[in-house]
Each structure stands twice: as C-alpha cells, then as structure tokens.
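Student: Can you keep this structure in mind? I'll have questions shortly.
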Amino acid sequence: MSQFFQIHPDNPQLRLIKQAAQIIHGGGIVALPTDSCYALVCHLDDKGAVERLRRIRGVDDKHHLTLLCRDLSEIAQYARVDNRQYRTLKVATPGPYTFILEATKEVPRRLSHPSRKTIGLRVPENAIAQALLEELGQPLIGTTLILPDEDDPLTDPEEIRD
C-alpha cells in the first residue's frame, strides 16, 4: 500500500513529516526529495526495508547506499573523518554531494561496501529531507531513485506516484 503526500517544499507540514516518520518506523520505504533528485530511504536498522530498497532499485550489496545525516556531527559518528576531509565536508555541506568515506563500527556491516568498508554520506539541504531527519533523530539509509533499466533519476512526484 502506498501513500502520497504533498509537502510544502519550504515549510514542511509537521503532521505530514510525522506520518512519513511513522511509515519509516513501521518498516516502510519513502521517496524523499533531496537537493538534486528523489531518493528512496528507509530506517537505518531495518534489514528487511534495506533489502526491499535494493530490490526496488535493482542493485546488489556491492552498490553503495548513502546515509543521509542531519549535520557534520552525525557524519563523524558513522565515518572516519580526518582534518582535511572535515574541511572539505564543512565547505560542501549541506548540499547535493555524497562523500564516500571509511565506515566506523556504528555502520551495520550489511550497509557498508563489502570489500572496501566504506559508506556514502550526505547532508541534504532540502527542507523536507531535513525535517524528516530531525523528526526521526537519526540518519536514513537511501539510494537515488533510479528504476532498473533507466539511466536518469526520477524527479517528478507524479511520475514517482505512478
């Protein structure tokens, strides 16, 4: 069963953000706008949801997933960041960039790249993404919303709905 919310892009309605958070807590997957396109996201600790996310995208465990974090302090909990990397992150976040960094032990093994022990990390600037991350109080695991056999990510909510 799917639900469609029209959330204001600049002033997200808290009741709709709370509904999306409940869906995620219940093991659901959400199509979420980010700074560049839409992403499929789910609860970080929900193994079943992560497997469904990979199945929808048509990717295997070698495909990098991304942790969407609220801020730099959250990134430091999930990735090893040296001074040079921190300066780069500070300049580029929040924004449309994903950084591939060495994962810490806080990242469940099934989420990091199996051979390199790395994880993609991002701090989105999008108001809806930030509101949902704030409501959840923890990062989301996600991947760009590109359907199997497609080259471009989906950016139109009506097309995603269909």
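The chains in the structure tokens are called A, B, ... from first to last as shown; in each chain the residues are counted from 1, and the ligands are counted from 1 in the order shown.
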As a PyMOL selection string, please: every residue in stretch 44-100 of chain A that DSSP puts in strand (DSSP E).
Tutor: chain A and resi 66-68+99-100
Student: Give me the residues within 12 Å of A:Tyr86 as a ChimeraX atom specification, counting only C-alpha atoms and dropping any in the same chain fewer than 2 places off.
Tutor: /A:71-73,75-76,79-84,88-93,99,101
Student: Find the residue from A:Cys37, A:Ala127, A:Ile7, A:Ala20 that sits nearest to A:Asp152; use only C-alpha atoms when measuring.
Tutor: A:Cys37
Student: Just give me the gap between atom CA of A:His64 and atom CA of A:Leu16 in Å, one decimal is fine.
Tutor: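 These atoms are spaced 29.0 Å apart.
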Student: So the first atom is atom CA of A:Pro157 and the second is atom CA of A:Asp10; what is the distance between them in Å, to one decimal place?
Tutor: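 If I compute the distance from atom CA of A:Pro157 to atom CA of A:Asp10, I get 16.0 Å.
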Student: Going by DSSP on the backbone, which residues of chain A come out as helix (DSSP H, G or I)? List them as number ranges by chain.
Tutor: A: 14-25, 47-57, 72-78, 83-92, 127-136, 157-161
Student: Stretch 73-109 of chain A near stretch 134-144 of chain A within 12 Å: what's each residue's closest atom pair and its distance in Å to one decimal, counting only C-alpha atoms, ordered by chain then ascending residue number, as JSON lines?
Tutor:
```
{"residue": "A:Ser73", "atom": "CA", "partner": "A:Pro139", "partner_atom": "CA", "distance": 11.4}
{"residue": "A:Glu74", "atom": "CA", "partner": "A:Pro139", "partner_atom": "CA", "distance": 7.8}
{"residue": "A:Ile75", "atom": "CA", "partner": "A:Pro139", "partner_atom": "CA", "distance": 9.0}
{"residue": "A:Ala76", "atom": "CA", "partner": "A:Pro139", "partner_atom": "CA", "distance": 11.9}
{"residue": "A:Gln77", "atom": "CA", "partner": "A:Pro139", "partner_atom": "CA", "distance": 10.5}
{"residue": "A:Tyr78", "atom": "CA", "partner": "A:Pro139", "partner_atom": "CA", "distance": 9.6}
{"residue": "A:Pro96", "atom": "CA", "partner": "A:Thr144", "partner_atom": "CA", "distance": 11.6}
{"residue": "A:Tyr97", "atom": "CA", "partner": "A:Thr144", "partner_atom": "CA", "distance": 12.0}
{"residue": "A:Thr98", "atom": "CA", "partner": "A:Thr143", "partner_atom": "CA", "distance": 10.5}
{"residue": "A:Glu106", "atom": "CA", "partner": "A:Pro139", "partner_atom": "CA", "distance": 11.7}
{"residue": "A:Val107", "atom": "CA", "partner": "A:Ile141", "partner_atom": "CA", "distance": 10.4}
{"residue": "A:Pro108", "atom": "CA", "partner": "A:Ile141", "partner_atom": "CA", "distance": 10.9}
```
Student: Give me a file of those residues, with N, CA and C atoms, as a compact mmCIF listing (two decimals), in the first residue's frame.
Tutor:
```
# COMPACT_ATOMS: atom_id res chain seq x y z
N SER A 73 28.20 16.57 12.68
CA SER A 73 28.45 15.78 13.89
C SER A 73 27.90 14.37 13.73
N GLU A 74 26.80 14.22 13.02
CA GLU A 74 26.25 12.90 12.77
C GLU A 74 27.14 12.11 11.82
N ILE A 75 27.72 12.78 10.83
CA ILE A 75 28.62 12.11 9.90
C ILE A 75 29.80 11.51 10.66
N ALA A 76 30.35 12.26 11.61
CA ALA A 76 31.52 11.79 12.35
C ALA A 76 31.23 10.53 13.16
N GLN A 77 29.98 10.28 13.47
CA GLN A 77 29.61 9.07 14.21
C GLN A 77 29.67 7.83 13.30
N TYR A 78 29.47 8.00 12.01
CA TYR A 78 29.37 6.88 11.09
C TYR A 78 30.55 6.73 10.14
N PRO A 96 24.16 19.00 -2.29
CA PRO A 96 23.82 17.86 -3.14
C PRO A 96 24.94 16.84 -3.32
N TYR A 97 25.90 16.79 -2.41
CA TYR A 97 27.06 15.92 -2.58
C TYR A 97 27.01 14.71 -1.66
N THR A 98 27.45 13.58 -2.19
CA THR A 98 27.62 12.37 -1.39
C THR A 98 29.11 12.09 -1.32
N GLU A 106 29.90 1.78 13.87
CA GLU A 106 28.50 2.15 14.07
C GLU A 106 27.63 1.78 12.88
N VAL A 107 28.25 1.63 11.71
CA VAL A 107 27.52 1.32 10.49
C VAL A 107 27.34 -0.20 10.42
N PRO A 108 26.10 -0.66 10.36
CA PRO A 108 25.90 -2.11 10.22
C PRO A 108 26.65 -2.64 9.00
```
Student: Report, in Å to a single decimal, how far apart atom CA of A:Ala103 and atom CA of A:Lys117 are.
Tutor: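 One can read the atom CA of A:Lys117 to atom CA of A:Ala103 distance as 5.8 Å.
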Student: Using only C-alpha atoms, can you tell me which of A:Leu53, A:Ile146, A:Ile24, A:Cys69 comes closest to A:Gly120?
Tutor: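 Under the stated criterion, the closest residue is A:Cys69.
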